[in-house]
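The file final-v5.tsv comes next; it holds TSV, C-alpha atoms.
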```
chain	number	residue	atom	x	y	z
A	1	MET	CA	0.00	0.00	0.00
A	2	SER	CA	1.05	3.62	-0.47
A	3	ALA	CA	-0.18	7.08	0.56
A	4	SER	CA	-3.79	7.96	1.36
A	5	ALA	CA	-3.27	11.72	1.05
A	6	VAL	CA	-0.46	14.24	0.62
A	7	PHE	CA	-0.31	17.63	2.38
A	8	ILE	CA	1.96	20.64	1.97
A	9	LEU	CA	2.10	22.60	5.24
A	10	ASP	CA	3.68	25.90	6.17
A	11	VAL	CA	6.27	26.16	8.92
A	12	LYS	CA	3.52	26.43	11.56
A	13	GLY	CA	1.77	23.31	10.33
A	14	LYS	CA	-1.09	25.05	8.53
A	15	PRO	CA	-2.13	23.22	5.34
A	16	LEU	CA	-1.40	25.21	2.18
A	17	ILE	CA	-2.67	22.60	-0.25
A	18	SER	CA	-3.53	18.92	-0.13
A	19	ARG	CA	-4.68	16.05	-2.31
A	20	ASN	CA	-6.87	13.18	-1.08
A	21	TYR	CA	-6.05	10.11	-3.16
A	22	LYS	CA	-7.95	7.29	-1.45
A	23	GLY	CA	-10.43	8.75	1.02
A	24	ASP	CA	-9.73	6.16	3.72
A	25	VAL	CA	-8.13	8.65	6.14
A	26	ALA	CA	-10.03	11.76	7.26
A	27	MET	CA	-8.32	14.91	6.02
A	28	SER	CA	-8.84	16.48	9.46
A	29	LYS	CA	-6.31	14.04	10.92
A	30	ILE	CA	-3.51	16.33	9.71
A	31	GLU	CA	-4.35	18.61	12.67
A	32	HIS	CA	-2.55	16.12	14.93
A	33	PHE	CA	0.71	16.24	12.95
A	34	MET	CA	2.29	19.48	14.18
A	35	PRO	CA	1.48	19.02	17.91
A	36	LEU	CA	2.86	15.49	17.67
A	37	LEU	CA	6.02	16.71	15.91
A	38	VAL	CA	6.62	19.43	18.54
A	39	GLN	CA	6.05	16.96	21.36
A	40	ARG	CA	8.48	14.43	19.92
A	41	GLU	CA	11.04	17.15	19.26
A	42	GLU	CA	10.87	18.30	22.90
A	43	GLU	CA	11.27	14.70	24.05
A	44	GLY	CA	14.29	14.23	21.79
A	45	ALA	CA	12.51	11.37	20.02
A	46	LEU	CA	11.76	12.98	16.66
A	47	ALA	CA	11.44	10.45	13.82
A	48	PRO	CA	10.57	10.65	10.11
A	49	LEU	CA	7.45	8.59	10.82
A	50	LEU	CA	4.94	9.75	13.43
A	51	SER	CA	1.78	7.93	14.46
A	52	HIS	CA	-1.47	9.07	16.05
A	53	GLY	CA	-3.83	6.20	16.73
A	54	GLN	CA	-4.31	4.31	13.48
A	55	VAL	CA	-2.95	7.14	11.31
A	56	HIS	CA	0.70	7.35	10.29
A	57	PHE	CA	2.42	10.55	9.13
A	58	LEU	CA	5.43	10.16	6.82
A	59	TRP	CA	7.05	13.57	6.47
A	60	ILE	CA	10.02	15.53	5.21
A	61	LYS	CA	10.94	19.21	5.57
A	62	HIS	CA	12.11	21.41	2.71
A	63	SER	CA	12.90	25.09	3.25
A	64	ASN	CA	9.93	26.47	5.21
A	65	LEU	CA	7.55	23.70	4.15
A	66	TYR	CA	6.52	20.27	5.42
A	67	LEU	CA	5.48	17.59	2.94
A	68	VAL	CA	3.38	14.99	4.74
A	69	ALA	CA	1.83	11.76	3.48
A	70	THR	CA	-0.83	10.04	5.57
A	71	THR	CA	-1.78	6.37	5.63
A	72	SER	CA	-3.64	3.98	7.90
A	73	LYS	CA	-2.23	0.84	6.31
A	74	ASN	CA	1.14	-0.85	6.32
A	75	ALA	CA	2.51	1.40	3.59
A	76	ASN	CA	5.73	0.93	1.66
A	77	ALA	CA	7.65	3.65	3.51
A	78	SER	CA	10.62	3.77	1.13
A	79	LEU	CA	8.23	4.25	-1.82
A	80	VAL	CA	6.41	7.08	-0.03
A	81	TYR	CA	9.62	8.90	0.93
A	82	SER	CA	11.00	8.51	-2.60
A	83	PHE	CA	7.77	10.02	-3.89
A	84	LEU	CA	7.96	12.99	-1.52
A	85	TYR	CA	11.55	13.77	-2.55
A	86	LYS	CA	10.62	13.35	-6.21
A	87	THR	CA	7.72	15.77	-5.69
A	88	ILE	CA	10.16	18.36	-4.34
A	89	GLU	CA	12.39	17.79	-7.36
A	90	VAL	CA	9.48	18.32	-9.78
A	91	PHE	CA	8.30	21.46	-7.99
A	92	CYS	CA	11.84	22.88	-8.08
A	93	GLU	CA	11.97	22.23	-11.84
A	94	TYR	CA	8.79	24.29	-12.21
A	95	PHE	CA	9.31	27.06	-9.68
A	96	LYS	CA	13.13	27.14	-9.29
A	97	GLU	CA	12.75	27.74	-5.55
A	98	LEU	CA	10.26	25.72	-3.50
A	99	GLU	CA	8.94	27.68	-0.55
A	100	GLU	CA	5.62	28.88	0.85
A	101	GLU	CA	5.39	31.82	-1.54
A	102	SER	CA	5.90	29.69	-4.65
A	103	ILE	CA	3.10	27.35	-3.50
A	104	ARG	CA	0.69	30.25	-2.85
A	105	ASP	CA	1.51	31.84	-6.22
A	106	ASN	CA	0.92	28.61	-8.17
A	107	PHE	CA	-2.02	26.84	-6.52
A	108	VAL	CA	-3.55	25.68	-9.81
A	109	ILE	CA	-0.31	24.25	-11.17
A	110	VAL	CA	0.57	22.60	-7.85
A	111	TYR	CA	-2.81	20.90	-7.66
A	112	GLU	CA	-2.55	19.72	-11.28
A	113	LEU	CA	0.89	18.31	-10.55
A	114	LEU	CA	-0.30	16.51	-7.42
A	115	ASP	CA	-3.10	15.05	-9.52
A	116	GLU	CA	-0.66	13.69	-12.11
A	117	LEU	CA	2.17	12.64	-9.80
A	118	MET	CA	0.07	10.10	-7.91
A	119	ASP	CA	-3.04	8.05	-8.67
A	120	PHE	CA	-5.03	6.26	-5.94
A	121	GLY	CA	-2.03	6.47	-3.64
A	122	PHE	CA	0.58	5.15	-6.05
A	123	PRO	CA	3.23	7.20	-7.92
A	124	GLN	CA	2.33	7.74	-11.55
A	125	THR	CA	4.07	10.25	-13.85
A	126	THR	CA	7.05	11.71	-11.97
A	127	ASP	CA	9.29	12.82	-14.83
A	128	SER	CA	9.28	16.64	-14.94
A	129	LYS	CA	10.14	16.71	-18.65
A	130	ILE	CA	7.02	14.70	-19.46
A	131	LEU	CA	4.85	16.71	-17.09
A	132	GLN	CA	6.00	19.96	-18.67
A	133	GLU	CA	4.57	18.82	-21.99
A	134	TYR	CA	1.00	19.31	-20.77
A	135	ILE	CA	1.19	21.16	-17.43
A	136	THR	CA	2.77	24.54	-18.09
A	137	GLN	CA	3.16	27.67	-16.02
A	138	GLN	CA	0.67	29.34	-18.35
A	139	SER	CA	-1.98	26.75	-17.53
A	140	ASN	CA	-3.82	28.80	-14.88
A	141	LYS	CA	-6.76	29.06	-17.27
A	142	LEU	CA	-8.30	25.68	-18.07
A	143	GLU	CA	-9.61	25.25	-21.60
A	144	THR	CA	-12.24	22.58	-22.21
A	145	GLY	CA	-12.24	20.52	-25.36
A	146	LYS	CA	-8.58	21.21	-26.11
A	147	SER	CA	-6.90	18.96	-23.57
A	148	ARG	CA	-4.70	16.27	-25.03
A	149	VAL	CA	-2.87	13.61	-23.10
A	150	PRO	CA	0.68	13.31	-24.47
A	151	PRO	CA	1.51	9.86	-25.84
A	152	THR	CA	4.31	9.61	-23.27
A	153	VAL	CA	1.71	9.23	-20.51
A	154	THR	CA	0.05	6.23	-22.15
A	155	ASN	CA	3.24	4.70	-23.53
A	156	ALA	CA	5.17	1.98	-21.78
A	157	VAL	CA	8.09	4.40	-22.15
A	158	SER	CA	6.63	7.30	-20.16
A	159	TRP	CA	9.99	9.04	-19.70
A	160	ARG	CA	10.65	9.68	-23.40
A	161	SER	CA	8.58	11.49	-26.02
A	162	GLU	CA	8.09	10.22	-29.55
A	163	GLY	CA	9.27	12.09	-32.61
A	164	ILE	CA	12.56	13.40	-31.18
A	165	LYS	CA	14.99	14.37	-33.95
A	166	TYR	CA	18.60	15.55	-33.97
A	167	LYS	CA	20.86	16.41	-36.89
A	168	LYS	CA	23.80	14.93	-35.00
A	169	ASN	CA	23.20	11.90	-32.79
A	170	GLU	CA	25.50	11.75	-29.76
A	171	VAL	CA	25.71	10.27	-26.27
A	172	PHE	CA	27.99	11.68	-23.57
A	173	ILE	CA	28.80	9.43	-20.60
A	174	ASP	CA	30.27	10.77	-17.37
A	175	VAL	CA	31.60	8.26	-14.85
A	176	ILE	CA	32.07	10.25	-11.64
A	177	GLU	CA	33.46	8.78	-8.43
A	178	SER	CA	33.61	10.55	-5.08
A	179	VAL	CA	36.04	9.31	-2.45
A	180	ASN	CA	34.89	9.47	1.17
A	181	LEU	CA	37.75	9.06	3.65
A	182	LEU	CA	38.25	9.61	7.35
A	183	VAL	CA	41.76	9.23	8.80
A	184	ASN	CA	42.60	9.71	12.48
A	185	ALA	CA	45.63	11.55	13.83
A	186	ASN	CA	47.66	8.32	13.92
A	187	GLY	CA	47.16	7.71	10.22
A	188	SER	CA	44.67	4.86	10.64
A	189	VAL	CA	41.80	4.75	8.16
A	190	LEU	CA	38.45	4.87	9.97
A	191	LEU	CA	36.23	5.12	6.89
A	192	SER	CA	36.98	4.48	3.24
A	193	GLU	CA	34.41	4.19	0.48
A	194	ILE	CA	33.80	5.13	-3.13
A	195	VAL	CA	30.43	6.48	-4.25
A	196	GLY	CA	30.00	6.48	-8.01
A	197	THR	CA	27.44	7.73	-10.51
A	198	ILE	CA	27.10	7.26	-14.24
A	199	LYS	CA	25.41	10.25	-15.86
A	200	LEU	CA	24.31	10.48	-19.47
A	201	LYS	CA	23.60	13.37	-21.80
A	202	VAL	CA	21.55	11.93	-24.66
A	203	PHE	CA	20.99	13.60	-28.03
A	204	LEU	CA	19.49	10.73	-30.03
A	205	SER	CA	16.67	10.68	-32.56
A	206	GLY	CA	13.71	8.35	-32.43
A	207	MET	CA	13.25	5.68	-29.79
A	208	PRO	CA	16.70	4.06	-29.47
A	209	GLU	CA	17.64	1.15	-27.25
A	210	LEU	CA	21.01	1.42	-25.52
A	211	ARG	CA	23.09	-1.35	-24.03
A	212	LEU	CA	25.88	-0.44	-21.67
A	213	GLY	CA	28.67	-2.84	-20.77
A	214	LEU	CA	30.91	-2.37	-17.72
A	215	ASN	CA	33.79	-4.40	-16.34
A	216	ASP	CA	31.40	-5.84	-13.78
A	217	ARG	CA	32.88	-8.78	-11.84
A	218	VAL	CA	29.62	-10.73	-11.75
A	219	LEU	CA	29.27	-10.31	-15.52
A	220	PHE	CA	32.82	-11.51	-16.06
A	221	GLU	CA	32.11	-14.60	-13.96
A	222	LEU	CA	28.93	-15.33	-15.93
A	223	THR	CA	30.72	-15.01	-19.27
A	224	GLY	CA	33.89	-16.83	-18.23
A	225	LEU	CA	36.14	-13.76	-18.35
A	226	SER	CA	36.97	-13.76	-14.62
A	227	GLY	CA	40.23	-15.59	-15.17
A	228	SER	CA	41.39	-13.30	-17.96
A	229	LYS	CA	43.64	-10.27	-17.74
A	230	ASN	CA	40.62	-7.98	-17.76
A	231	LYS	CA	40.27	-6.07	-14.50
A	232	SER	CA	36.81	-6.33	-12.99
A	233	VAL	CA	35.00	-4.36	-10.30
A	234	GLU	CA	32.47	-5.68	-7.79
A	235	LEU	CA	29.71	-3.10	-7.51
A	236	GLU	CA	27.61	-2.70	-4.37
A	237	ASP	CA	24.29	-0.93	-3.66
A	238	VAL	CA	23.56	-0.46	-7.36
A	239	LYS	CA	20.57	1.80	-8.07
A	240	PHE	CA	19.18	2.39	-11.57
A	241	HIS	CA	17.01	4.97	-13.30
A	242	GLN	CA	13.50	3.69	-14.00
A	243	CYS	CA	14.34	3.28	-17.70
A	244	VAL	CA	16.66	0.29	-17.06
A	245	ARG	CA	15.18	-3.16	-17.62
A	246	LEU	CA	15.84	-4.68	-14.22
A	247	SER	CA	14.78	-8.20	-15.23
A	248	ARG	CA	17.41	-8.19	-17.98
A	249	PHE	CA	20.07	-6.99	-15.55
A	250	ASP	CA	19.13	-9.66	-13.00
A	251	ASN	CA	19.36	-12.38	-15.66
A	252	ASP	CA	22.59	-11.57	-17.48
A	253	ARG	CA	23.85	-8.25	-15.99
A	254	THR	CA	23.13	-6.38	-19.23
A	255	ILE	CA	22.23	-2.72	-18.67
A	256	SER	CA	19.58	-2.28	-21.35
A	257	PHE	CA	17.35	0.80	-21.59
A	258	ILE	CA	15.50	3.34	-23.71
A	259	PRO	CA	16.91	6.63	-22.39
A	260	PRO	CA	15.17	9.89	-21.53
A	261	ASP	CA	16.11	12.82	-23.71
A	262	GLY	CA	18.83	15.10	-22.37
A	263	ASP	CA	20.55	14.82	-18.97
A	264	PHE	CA	19.81	12.09	-16.44
A	265	GLU	CA	21.53	9.83	-13.93
A	266	LEU	CA	21.56	6.27	-15.25
A	267	MET	CA	22.88	4.55	-12.14
A	268	SER	CA	24.75	4.91	-8.87
A	269	TYR	CA	26.90	2.44	-6.96
A	270	ARG	CA	29.13	2.13	-3.93
A	271	LEU	CA	32.36	0.28	-3.10
A	272	SER	CA	33.49	-0.10	0.49
A	273	THR	CA	36.72	-1.94	-0.29
A	274	GLN	CA	40.12	-0.30	0.24
A	275	GLY	CA	41.59	1.53	-2.76
A	276	GLY	CA	44.85	-0.41	-2.34
A	277	LYS	CA	47.11	2.48	-3.38
A	278	GLU	CA	48.89	5.09	-1.33
A	279	TYR	CA	50.15	8.45	-2.58
A	280	LEU	CA	52.34	11.07	-0.93
A	281	MET	CA	51.20	14.66	-1.00
A	282	ARG	CA	53.16	17.66	0.22
A	283	ALA	CA	51.16	20.72	1.08
A	284	HIS	CA	51.48	24.03	2.93
A	285	PHE	CA	48.60	25.15	5.13
A	286	GLY	CA	48.07	28.71	6.26
A	287	LEU	CA	46.58	28.54	9.76
A	288	PRO	CA	45.19	31.48	11.75
A	289	SER	CA	47.08	32.49	14.86
A	290	VAL	CA	45.45	31.54	18.15
A	291	GLU	CA	46.23	32.65	21.68
A	292	LYS	CA	45.38	29.31	23.29
A	293	GLU	CA	44.39	25.82	22.28
A	294	GLU	CA	40.67	25.30	21.82
A	295	VAL	CA	39.07	22.99	24.38
A	296	GLU	CA	37.63	20.73	21.71
A	297	GLY	CA	40.96	20.45	19.89
A	298	ARG	CA	41.92	21.24	16.35
A	299	PRO	CA	39.29	20.67	13.63
A	300	PRO	CA	39.94	18.06	10.94
A	301	ILE	CA	41.51	19.07	7.65
A	302	GLY	CA	39.13	18.80	4.72
A	303	VAL	CA	40.72	17.95	1.40
A	304	LYS	CA	39.19	18.80	-1.97
A	305	PHE	CA	40.54	17.51	-5.28
A	306	GLU	CA	39.51	16.42	-8.76
A	307	ILE	CA	41.38	13.98	-10.99
A	308	PRO	CA	40.26	13.79	-14.64
A	309	TYR	CA	40.52	10.67	-16.83
A	310	PHE	CA	40.73	8.39	-13.78
A	311	THR	CA	38.52	6.27	-11.52
A	312	VAL	CA	39.74	4.94	-8.19
A	313	SER	CA	37.67	1.76	-8.47
A	314	GLY	CA	38.95	0.96	-11.94
A	315	ILE	CA	35.44	0.83	-13.43
A	316	GLN	CA	35.40	1.11	-17.22
A	317	VAL	CA	32.80	1.44	-19.93
A	318	ARG	CA	33.56	-1.55	-22.17
A	319	TYR	CA	30.95	-0.74	-24.78
A	320	MET	CA	27.82	1.26	-25.53
A	321	LYS	CA	25.60	-0.18	-28.25
A	322	ILE	CA	22.96	2.10	-29.78
A	323	ILE	CA	20.15	0.37	-31.67
A	324	GLU	CA	17.47	2.36	-33.52
A	325	LYS	CA	15.15	1.18	-36.29
A	326	SER	CA	16.34	3.86	-38.73
A	327	GLY	CA	19.86	2.48	-38.43
A	328	TYR	CA	21.71	5.74	-37.83
A	329	GLN	CA	25.23	5.72	-36.41
A	330	ALA	CA	26.05	7.44	-33.13
A	331	LEU	CA	29.29	7.35	-31.20
A	332	PRO	CA	29.38	7.61	-27.40
A	333	TRP	CA	31.85	9.91	-25.64
A	334	VAL	CA	33.12	8.74	-22.25
A	335	ARG	CA	34.70	10.87	-19.52
A	336	TYR	CA	36.06	9.64	-16.17
A	337	ILE	CA	36.39	11.87	-13.10
A	338	THR	CA	37.50	11.15	-9.54
A	339	GLN	CA	36.78	13.82	-6.95
A	340	SER	CA	36.82	14.28	-3.23
A	341	GLY	CA	33.67	13.57	-1.30
A	342	ASP	CA	33.71	13.78	2.48
A	343	TYR	CA	37.52	13.58	2.73
A	344	GLN	CA	38.82	14.45	6.19
A	345	LEU	CA	42.10	14.08	8.06
A	346	ARG	CA	41.91	14.40	11.81
A	347	THR	CA	44.74	16.26	13.49
A	348	SER	CA	43.96	15.48	17.12
```
Turn this file's structure into structure tokens for me.
Amino acid sequence: MSASAVFILDVKGKPLISRNYKGDVAMSKIEHFMPLLVQREEEGALAPLLSHGQVHFLWIKHSNLYLVATTSKNANASLVYSFLYKTIEVFCEYFKELEEESIRDNFVIVYELLDELMDFGFPQTTDSKILQEYITQQSNKLETGKSRVPPTVTNAVSWRSEGIKYKKNEVFIDVIESVNLLVNANGSVLLSEIVGTIKLKVFLSGMPELRLGLNDRVLFELTGLSGSKNKSVELEDVKFHQCVRLSRFDNDRTISFIPPDGDFELMSYRLSTQGGKEYLMRAHFGLPSVEKEEVEGRPPIGVKFEIPYFTVSGIQVRYMKIIEKSGYQALPWVRYITQSGDYQLRTS
């Protein structure tokens, strides 16, 4: 089960706008949310899920707004929270800044978006590019008899429009890895992980199917390449964009998809294994003069860096196949970047 209703509240807990999707939870129940939140905050027991009797409030805060979903069933909490964050993302695409004023100035558009984002408590069309095809910021006046549902809403491929054409067909692939590291004053590594994302910028005509091949260790084992000289990487916590055919990936580790148009994040991953390499860096730090040592000690040193044409994990794009019924040729461009994430060296 998913959400029964979604509310957008101001900082005092007053509802600005709401949408009742299922009708199984009284809309007046939202009056209990803010007193319950304040009480839990005073008790030091604030949680992202609050309950009052049989009603559960799943909430997040953004700027001076609260987005709250209500349910009386055993809802899929991760689905609800993902929906709330996606709602914020869509609103920010429309209004640039999401705050109380932008909600009050765009009531009609916000209500239309809430109507399209979720249906009977389940997420529906959440791609802002698709939504912007038929819900525009000039849509305050409703015209009857002229409404047309874009084919992308009824298609199986809801994230891509039909009829896209480019004179030059190209795909740009960015493999970006952030290194998170925490080292204590003795030089011992307390935390070491790599968080990676693969981002695409797609300028392709028609409705192409793309197949991406990585030096994935599981794939190498399935295809008998694990004993070869090819270096493989074992990916953890892999998350994909909705366009990826998950059943195909589960079967043979092929990343097959029909991409959205333009920029999007195809996948993310994490590696918690040690990098296995050590480098020496010499640096000069300009420190402010102090009269006496701070009681809490010296703060850690934060390091920021960016290394082009390199990935710490060794992940590589082995191939990118582009298949489209018209048969046009398109070459992918690949760029690798390693950068600092939360990279800290403790000095005391």
Identify the residues within 10 Å of coordinate (3.7, 10.2, -8.2) (same frame as the file), considering only C-alpha atoms, and give the answer as number ranges by chain. A: 79-80, 82-84, 86-87, 113-127
Between A:Gly53, A:Gly23, A:Gly341, A:Pro48, which one has atoms that come closest to Val6 in chain A, using all atoms listed in the file?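 Closest to Val6 in chain A, using all atoms listed in the file: A:Gly23.
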Would you list the contacts of Pro259 in chain A as a ChimeraX atom specification, taking every protein, DNA or RNA residue within 12 Å and counting all atoms listed in the file, but skipping same-chain residues closer than 6 positions in sequence? /A:157-162,164,171,199-212,240-245,265-266,322-324
Store the residues picked out above in a file with C-alpha atoms, as a compact mmCIF listing (two decimals), keeping the file's coordinate frame.
```txt
# COMPACT_ATOMS: atom_id res chain seq x y z
CA VAL A 157 8.09 4.40 -22.15
CA SER A 158 6.63 7.30 -20.16
CA TRP A 159 9.99 9.04 -19.70
CA ARG A 160 10.65 9.68 -23.40
CA SER A 161 8.58 11.49 -26.02
CA GLU A 162 8.09 10.22 -29.55
CA ILE A 164 12.56 13.40 -31.18
CA VAL A 171 25.71 10.27 -26.27
CA LYS A 199 25.41 10.25 -15.86
CA LEU A 200 24.31 10.48 -19.47
CA LYS A 201 23.60 13.37 -21.80
CA VAL A 202 21.55 11.93 -24.66
CA PHE A 203 20.99 13.60 -28.03
CA LEU A 204 19.49 10.73 -30.03
CA SER A 205 16.67 10.68 -32.56
CA GLY A 206 13.71 8.35 -32.43
CA MET A 207 13.25 5.68 -29.79
CA PRO A 208 16.70 4.06 -29.47
CA GLU A 209 17.64 1.15 -27.25
CA LEU A 210 21.01 1.42 -25.52
CA ARG A 211 23.09 -1.35 -24.03
CA LEU A 212 25.88 -0.44 -21.67
CA PHE A 240 19.18 2.39 -11.57
CA HIS A 241 17.01 4.97 -13.30
CA GLN A 242 13.50 3.69 -14.00
CA CYS A 243 14.34 3.28 -17.70
CA VAL A 244 16.66 0.29 -17.06
CA ARG A 245 15.18 -3.16 -17.62
CA GLU A 265 21.53 9.83 -13.93
CA LEU A 266 21.56 6.27 -15.25
CA ILE A 322 22.96 2.10 -29.78
CA ILE A 323 20.15 0.37 -31.67
CA GLU A 324 17.47 2.36 -33.52
```
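We find CA of Ser18 in chain A and CA of Ser72 in chain A to be spaced 17.0 Å apart.
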Please list as an MDAnalysis selection string every residue within 8 Å of Ile135 in chain A, counting all atoms listed in the file and excluding residues in the same chain fewer than 3 positions away. chainID A and resid 109 112:113 131:132 139
Which residues, written as a ChimeraX atom specification, have at least one atom at most 12 Å from Lys304 in chain A, with all atoms listed in the file counted and residues fewer than 5 positions away on the same chain left out? /A:178-181,338-345
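In this model, the gap between CA of Leu182 in chain A and CA of Arg282 in chain A comes to 18.4 Å.
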Just the number, please: distance in Å from CA of Leu58 in chain A to CA of Leu46 in chain A, one decimal.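 We find that CA of Leu58 in chain A and CA of Leu46 in chain A lie 12.0 Å from each other.
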Around (11.2, 19.4, 6.8) in the file's frame, which residues reach within 12 Å when counting only C-alpha atoms? Return as a compact mmCIF listing (two decimals) with C-alpha atoms, keeping the file's coordinate frame?
```txt
# COMPACT_ATOMS: atom_id res chain seq x y z
CA ILE A 8 1.96 20.64 1.97
CA LEU A 9 2.10 22.60 5.24
CA ASP A 10 3.68 25.90 6.17
CA VAL A 11 6.27 26.16 8.92
CA LYS A 12 3.52 26.43 11.56
CA GLY A 13 1.77 23.31 10.33
CA MET A 34 2.29 19.48 14.18
CA LEU A 37 6.02 16.71 15.91
CA LEU A 46 11.76 12.98 16.66
CA ALA A 47 11.44 10.45 13.82
CA PRO A 48 10.57 10.65 10.11
CA LEU A 58 5.43 10.16 6.82
CA TRP A 59 7.05 13.57 6.47
CA ILE A 60 10.02 15.53 5.21
CA LYS A 61 10.94 19.21 5.57
CA HIS A 62 12.11 21.41 2.71
CA SER A 63 12.90 25.09 3.25
CA ASN A 64 9.93 26.47 5.21
CA LEU A 65 7.55 23.70 4.15
CA TYR A 66 6.52 20.27 5.42
CA LEU A 67 5.48 17.59 2.94
CA VAL A 68 3.38 14.99 4.74
CA LEU A 84 7.96 12.99 -1.52
CA TYR A 85 11.55 13.77 -2.55
CA ILE A 88 10.16 18.36 -4.34
CA GLU A 99 8.94 27.68 -0.55
```
Nearest to Leu271 in chain A, chosen from A:Gly314, A:Pro299, A:Gly327, A:Pro332, with all atoms listed in the file counted in the distances: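 Result for the nearest residue to Leu271 in chain A: A:Gly314.
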